[in-house]
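Here is the file my_file-v2.cif (mmCIF, C-alpha atoms).
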```
data_model
loop_
_atom_site.label_atom_id
_atom_site.label_comp_id
_atom_site.auth_asym_id
_atom_site.auth_seq_id
_atom_site.Cartn_x
_atom_site.Cartn_y
_atom_site.Cartn_z
CA MET A 1314 61.78 -37.62 -11.13
CA LEU A 1315 59.37 -39.72 -9.12
CA CYS A 1316 57.08 -36.80 -8.39
CA ARG A 1317 56.28 -36.20 -12.06
CA HIS A 1318 52.61 -36.91 -12.53
CA ASN A 1319 53.03 -39.50 -15.29
CA GLN A 1320 55.52 -41.49 -13.21
CA LEU A 1321 53.25 -41.76 -10.21
CA LYS A 1322 51.71 -45.14 -9.52
CA PRO A 1323 47.89 -45.29 -9.40
CA LEU A 1324 48.08 -45.71 -5.60
CA GLN A 1325 50.22 -42.57 -5.28
CA ARG A 1326 48.00 -40.58 -7.62
CA ARG A 1327 44.82 -41.71 -5.84
CA SER A 1328 46.24 -41.06 -2.37
CA GLY A 1329 47.49 -37.63 -3.47
CA PHE A 1330 44.05 -36.73 -4.81
CA PHE A 1331 42.24 -37.83 -1.65
CA PHE A 1332 44.84 -36.18 0.59
CA GLY A 1333 44.53 -32.91 -1.34
CA SER A 1334 40.74 -33.08 -1.18
CA SER A 1335 40.85 -33.68 2.57
CA LEU A 1336 43.25 -30.77 2.98
CA ILE A 1337 40.85 -28.45 1.13
CA ALA A 1338 37.96 -29.80 3.22
CA THR A 1339 40.00 -29.10 6.36
CA MET A 1340 40.65 -25.52 5.31
CA LEU A 1341 36.96 -24.97 4.48
CA THR A 1342 35.72 -26.40 7.76
CA PHE A 1343 38.24 -24.32 9.72
CA ALA A 1344 37.05 -21.25 7.83
CA ALA A 1345 33.43 -22.19 8.62
CA VAL A 1346 34.30 -22.54 12.31
CA HIS A 1347 36.06 -19.18 12.26
CA LEU A 1348 33.03 -17.50 10.66
CA ALA A 1349 30.60 -19.23 13.02
CA VAL A 1350 32.56 -18.16 16.10
CA GLU A 1351 33.15 -14.60 14.92
CA HIS A 1352 29.87 -13.72 13.25
CA GLY A 1353 27.27 -16.42 13.82
CA ALA A 1354 24.49 -16.09 16.36
CA LEU A 1355 24.30 -19.80 16.98
CA SER A 1356 23.32 -21.84 19.98
CA ASP A 1357 26.12 -23.26 22.13
CA ALA A 1358 25.33 -26.84 21.12
CA LEU A 1359 25.43 -26.04 17.40
CA LEU A 1360 28.63 -24.04 17.84
CA ARG A 1361 30.31 -26.96 19.63
CA PHE A 1362 29.19 -29.28 16.83
CA ILE A 1363 30.60 -26.95 14.13
CA GLU A 1364 33.86 -26.64 16.07
CA LEU A 1365 34.23 -30.42 15.89
CA LEU A 1366 33.79 -30.57 12.10
CA PRO A 1367 37.48 -29.96 11.16
CA ALA A 1368 38.36 -33.15 13.02
CA ILE A 1369 36.67 -35.22 10.28
CA PRO A 1370 38.90 -34.26 7.31
CA VAL A 1371 41.99 -34.28 9.57
CA ALA A 1372 41.15 -37.85 10.60
CA ALA A 1373 40.56 -38.66 6.93
CA MET A 1374 44.03 -37.31 6.05
CA ILE A 1375 45.62 -39.54 8.68
CA LEU A 1376 43.68 -42.56 7.39
CA ILE A 1377 44.66 -41.80 3.77
CA VAL A 1378 48.36 -41.52 4.65
CA GLY A 1379 48.16 -44.67 6.80
CA ARG A 1380 46.46 -46.59 4.00
CA TYR A 1381 49.03 -45.34 1.49
CA LEU A 1382 51.98 -46.34 3.69
CA LYS A 1383 50.43 -49.77 4.25
CA ARG A 1384 50.00 -50.40 0.51
CA GLU A 1385 53.19 -48.77 -0.81
CA THR A 1386 55.38 -51.65 -1.99
CA ASP A 1387 58.53 -49.57 -2.54
CA GLU A 1388 60.20 -49.57 0.88
CA PHE A 1389 62.56 -46.70 0.01
CA VAL A 1390 59.70 -44.42 -1.05
CA ARG A 1391 57.82 -45.48 2.08
CA MET A 1392 60.82 -44.44 4.18
CA LEU A 1393 61.06 -41.08 2.38
CA VAL A 1394 57.34 -40.37 2.92
CA THR A 1395 57.60 -41.31 6.62
CA GLN A 1396 60.69 -39.10 7.10
CA SER A 1397 58.96 -36.22 5.31
CA LEU A 1398 55.91 -36.55 7.56
CA LEU A 1399 58.18 -36.44 10.60
CA TRP A 1400 59.89 -33.31 9.26
CA GLY A 1401 56.46 -31.76 8.73
CA LEU A 1402 55.32 -32.72 12.21
CA GLY A 1403 58.51 -31.49 13.90
CA PHE A 1404 58.53 -28.19 12.05
CA THR A 1405 54.84 -27.64 12.82
CA MET A 1406 55.31 -28.29 16.53
CA VAL A 1407 58.28 -25.91 16.72
CA GLY A 1408 56.42 -23.34 14.62
CA ASP A 1409 53.38 -23.64 16.86
CA ILE A 1410 55.46 -22.88 19.96
CA VAL A 1411 57.09 -19.88 18.27
CA PHE A 1412 53.69 -18.70 16.98
CA GLY A 1413 52.23 -19.06 20.48
CA VAL A 1414 55.01 -16.99 22.04
CA VAL A 1415 55.03 -14.28 19.35
CA PHE A 1416 51.25 -13.88 19.24
CA ALA A 1417 50.59 -14.43 22.96
CA GLY A 1418 47.87 -12.08 24.06
CA PHE A 1419 46.48 -11.49 20.57
CA HIS A 1420 43.07 -12.80 19.58
CA THR A 1421 43.93 -15.46 17.01
CA TYR A 1422 41.23 -18.03 17.63
CA GLY A 1423 41.22 -20.76 14.99
CA LEU A 1424 44.05 -19.30 12.93
CA SER A 1425 46.72 -21.30 14.69
CA GLN A 1426 45.07 -24.60 13.71
CA ILE A 1427 44.66 -23.48 10.09
CA TYR A 1428 48.32 -22.48 9.94
CA ASN A 1429 49.30 -25.78 11.55
CA ILE A 1430 47.73 -27.81 8.75
CA ASP A 1431 49.28 -25.51 6.13
CA VAL A 1432 52.73 -25.57 7.69
CA PHE A 1433 52.61 -29.33 8.18
CA CYS A 1434 51.60 -30.08 4.57
CA ILE A 1435 53.98 -27.56 2.98
CA THR A 1436 56.94 -28.68 5.12
CA ALA A 1437 56.24 -32.37 4.53
CA LEU A 1438 55.93 -31.81 0.75
CA LEU A 1439 59.11 -29.72 0.64
CA ALA A 1440 60.96 -32.38 2.60
CA LEU A 1441 59.68 -35.07 0.22
CA PHE A 1442 60.70 -33.14 -2.91
CA THR A 1443 64.12 -32.37 -1.41
CA GLN A 1444 64.71 -36.02 -0.57
CA LEU A 1445 63.55 -37.18 -4.00
CA ARG A 1446 65.84 -34.65 -5.66
CA ARG A 1447 68.77 -35.81 -3.52
CA ASN A 1448 68.17 -39.34 -4.74
CA GLN A 1449 67.75 -38.55 -8.42
CA MET B 995 76.81 -51.73 4.39
CA LYS B 996 78.74 -51.89 1.10
CA ASN B 997 77.42 -53.53 -2.04
CA ARG B 998 78.45 -54.49 -5.57
CA LEU B 999 75.15 -53.59 -7.14
CA ARG B 1000 76.54 -51.00 -9.54
CA VAL B 1001 79.19 -53.44 -10.80
CA LEU B 1002 76.72 -56.31 -11.18
CA ARG B 1003 74.28 -54.07 -13.00
CA ALA B 1004 77.00 -52.74 -15.32
CA GLU B 1005 78.13 -56.31 -16.11
CA ARG B 1006 74.66 -57.02 -17.44
CA GLY B 1007 74.40 -53.71 -19.26
CA TRP B 1008 71.31 -52.66 -17.33
CA SER B 1009 70.46 -49.08 -16.49
CA GLN B 1010 69.16 -48.14 -13.04
CA ALA B 1011 65.69 -47.89 -14.58
CA ASP B 1012 66.01 -51.43 -16.04
CA LEU B 1013 66.97 -52.85 -12.66
CA ALA B 1014 64.21 -50.87 -10.95
CA ASP B 1015 61.65 -52.32 -13.38
CA ARG B 1016 62.87 -55.86 -12.72
CA LEU B 1017 62.71 -55.31 -8.96
CA GLN B 1018 59.40 -53.41 -9.19
CA VAL B 1019 60.77 -50.48 -7.21
CA SER B 1020 61.51 -46.87 -8.13
CA ARG B 1021 64.75 -45.88 -9.84
CA GLN B 1022 65.48 -43.71 -6.81
CA SER B 1023 65.49 -46.86 -4.67
CA VAL B 1024 68.12 -48.49 -6.88
CA ASN B 1025 70.22 -45.32 -6.80
CA ALA B 1026 69.95 -45.05 -3.01
CA ILE B 1027 71.00 -48.69 -2.55
CA GLU B 1028 73.92 -48.35 -4.97
CA THR B 1029 75.23 -45.24 -3.26
CA GLY B 1030 74.86 -46.83 0.18
CA ARG B 1031 72.29 -44.31 1.40
CA PHE B 1032 69.70 -47.01 1.90
CA ASP B 1033 70.03 -50.61 3.06
CA PRO B 1034 67.33 -52.80 1.53
CA SER B 1035 65.14 -55.10 3.59
CA LEU B 1036 65.80 -58.84 3.58
CA PRO B 1037 62.99 -59.58 1.06
CA LEU B 1038 64.43 -57.00 -1.38
CA ALA B 1039 67.97 -58.33 -0.84
CA PHE B 1040 66.72 -61.85 -1.65
CA LYS B 1041 65.00 -60.49 -4.74
CA LEU B 1042 68.31 -58.95 -5.85
CA ALA B 1043 70.16 -62.18 -5.19
CA ARG B 1044 67.62 -64.18 -7.21
CA LEU B 1045 67.77 -61.65 -10.04
CA PHE B 1046 71.57 -61.77 -10.29
CA GLU B 1047 71.59 -65.52 -9.50
CA ILE B 1048 74.21 -65.17 -6.77
CA ALA B 1049 74.22 -65.35 -2.96
CA ILE B 1050 73.27 -62.28 -0.91
CA GLU B 1051 76.79 -62.23 0.59
CA GLN B 1052 78.20 -61.76 -2.90
CA ILE B 1053 76.21 -58.56 -3.28
CA PHE B 1054 76.36 -57.09 0.21
CA THR B 1055 79.32 -56.95 2.59
CA ASP B 1056 79.83 -55.37 6.03
#
```
Please, can you express the file's structure as structure tokens?
Amino acid sequence: MLCRHNQLKPLQRRSGFFFGSSLIATMLTFAAVHLAVEHGALSDALLRFIELLPAIPVAAMILIVGRYLKRETDEFVRMLVTQSLLWGLGFTMVGDIVFGVVFAGFHTYGLSQIYNIDVFCITALLALFTQLRRNQ
Amino acid sequence: MKNRLRVLRAERGWSQADLADRLQVSRQSVNAIETGRFDPSLPLAFKLARLFEIAIEQIFTD
């Protein structure tokens, strides 16, 4: 199967590593924002700055995926990755609406964004594995 | 779009992995093309035609 580590091309392995690292960085920065908002006695300016930090790894993730898609020479794999990202995006948007309705009125600051990244990545990966398995 | 890729490959005794190596694509790509789930781009179709030394129309039909 294509997703086995030893069958991955260097580009795929490298992109996967950087994407995973950016994902972890995203989670950590979101957690830092959550802690700063909930417990920190910080000035407004510093708080605004910290709240912007998660945008950096998210932008990095987009750049990494864009760079990977640009350099991937296998057009079928490129199509599968693009479709998987769309599945992830669609599922996240629907999930976000449902989450918003179910938890309306509750104090869930910051959690929604953290879940969004999680849901997006997990759904996109599941969609990719499913499509690869279908085309064994 | 239909194609004769499986037949042409079998005539040469190549596996899907062999053909994928020659085309520099994944085996899944070859499988998807053979089963008609994926139509290759023009550059890949030309590559296939060059590899089998036949015209594109002899591989792919409407």
Item to complete: Write out as a PyMOL selection string every residue belonging to chain B that has an atom at most 12 Å from any atom of chain A, counting all atoms listed in the file.
Response: chain B and resi 1010-1011+1014-1015+1017-1039
**Prompt:** In Å, with one decimal, what is the gap from atom CA of A:Trp1400 to atom CA of A:Phe1442?
**Reply:**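 Answer for the atom CA of A:Trp1400 to atom CA of A:Phe1442 separation: 12.2 Å.
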Practice task
Please provide as a ChimeraX atom specification all residues within 9 Å of A:Thr1436, with the sequence filter that same-chain residues fewer than 2 positions apart are discarded (counting only C-alpha atoms).
Solution key: /A:1397-1398,1400-1402,1404-1405,1431-1434,1438-1441
Residue contacts of B:Phe1040 (12 Å, only C-alpha atoms) excluding same-chain residues fewer than 4 positions away, as a PyMOL selection string:
chain B and resi 1017+1034-1036+1044-1054
Hey, can you check how far atom CA of B:Leu1013 sits from atom CA of B:Leu999?
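Interatomic distance here is 9.9 Å.
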A straight line from atom CA of A:Pro1367 to atom CA of A:Thr1339 spans 5.5 Å
Neighbour list for A:Val1371 as a PDB file with C-alpha atoms, in the coordinates of the input, cut-off 9 Å, only C-alpha atoms, skip fewer than 2 positions in-chain:
```
ATOM      1  CA  SER A1335      40.850 -33.680   2.570  1.00  0.00           C
ATOM      2  CA  LEU A1336      43.250 -30.770   2.980  1.00  0.00           C
ATOM      3  CA  ALA A1338      37.960 -29.800   3.220  1.00  0.00           C
ATOM      4  CA  THR A1339      40.000 -29.100   6.360  1.00  0.00           C
ATOM      5  CA  PRO A1367      37.480 -29.960  11.160  1.00  0.00           C
ATOM      6  CA  ALA A1368      38.360 -33.150  13.020  1.00  0.00           C
ATOM      7  CA  ILE A1369      36.670 -35.220  10.280  1.00  0.00           C
ATOM      8  CA  ALA A1373      40.560 -38.660   6.930  1.00  0.00           C
ATOM      9  CA  MET A1374      44.030 -37.310   6.050  1.00  0.00           C
ATOM     10  CA  ILE A1375      45.620 -39.540   8.680  1.00  0.00           C
ATOM     11  CA  LEU A1376      43.680 -42.560   7.390  1.00  0.00           C
ATOM     12  CA  ILE A1430      47.730 -27.810   8.750  1.00  0.00           C
TER      13      ILE A1430
END
```
So which residues touch A:Ala1345 within 12 Å, counting all atoms listed in the file, skipping near sequence neighbours fewer than 3 positions away, as a PDB file with C-alpha atoms, keeping the file's coordinate frame?
```
ATOM      1  CA  ALA A1338      37.960 -29.800   3.220  1.00  0.00           C
ATOM      2  CA  THR A1339      40.000 -29.100   6.360  1.00  0.00           C
ATOM      3  CA  MET A1340      40.650 -25.520   5.310  1.00  0.00           C
ATOM      4  CA  LEU A1341      36.960 -24.970   4.480  1.00  0.00           C
ATOM      5  CA  THR A1342      35.720 -26.400   7.760  1.00  0.00           C
ATOM      6  CA  LEU A1348      33.030 -17.500  10.660  1.00  0.00           C
ATOM      7  CA  ALA A1349      30.600 -19.230  13.020  1.00  0.00           C
ATOM      8  CA  VAL A1350      32.560 -18.160  16.100  1.00  0.00           C
ATOM      9  CA  GLU A1351      33.150 -14.600  14.920  1.00  0.00           C
ATOM     10  CA  HIS A1352      29.870 -13.720  13.250  1.00  0.00           C
ATOM     11  CA  GLY A1353      27.270 -16.420  13.820  1.00  0.00           C
ATOM     12  CA  LEU A1360      28.630 -24.040  17.840  1.00  0.00           C
ATOM     13  CA  PHE A1362      29.190 -29.280  16.830  1.00  0.00           C
ATOM     14  CA  ILE A1363      30.600 -26.950  14.130  1.00  0.00           C
ATOM     15  CA  GLU A1364      33.860 -26.640  16.070  1.00  0.00           C
ATOM     16  CA  LEU A1365      34.230 -30.420  15.890  1.00  0.00           C
ATOM     17  CA  LEU A1366      33.790 -30.570  12.100  1.00  0.00           C
ATOM     18  CA  PRO A1367      37.480 -29.960  11.160  1.00  0.00           C
ATOM     19  CA  GLY A1423      41.220 -20.760  14.990  1.00  0.00           C
ATOM     20  CA  LEU A1424      44.050 -19.300  12.930  1.00  0.00           C
ATOM     21  CA  ILE A1427      44.660 -23.480  10.090  1.00  0.00           C
TER      22      ILE A1427
END
```
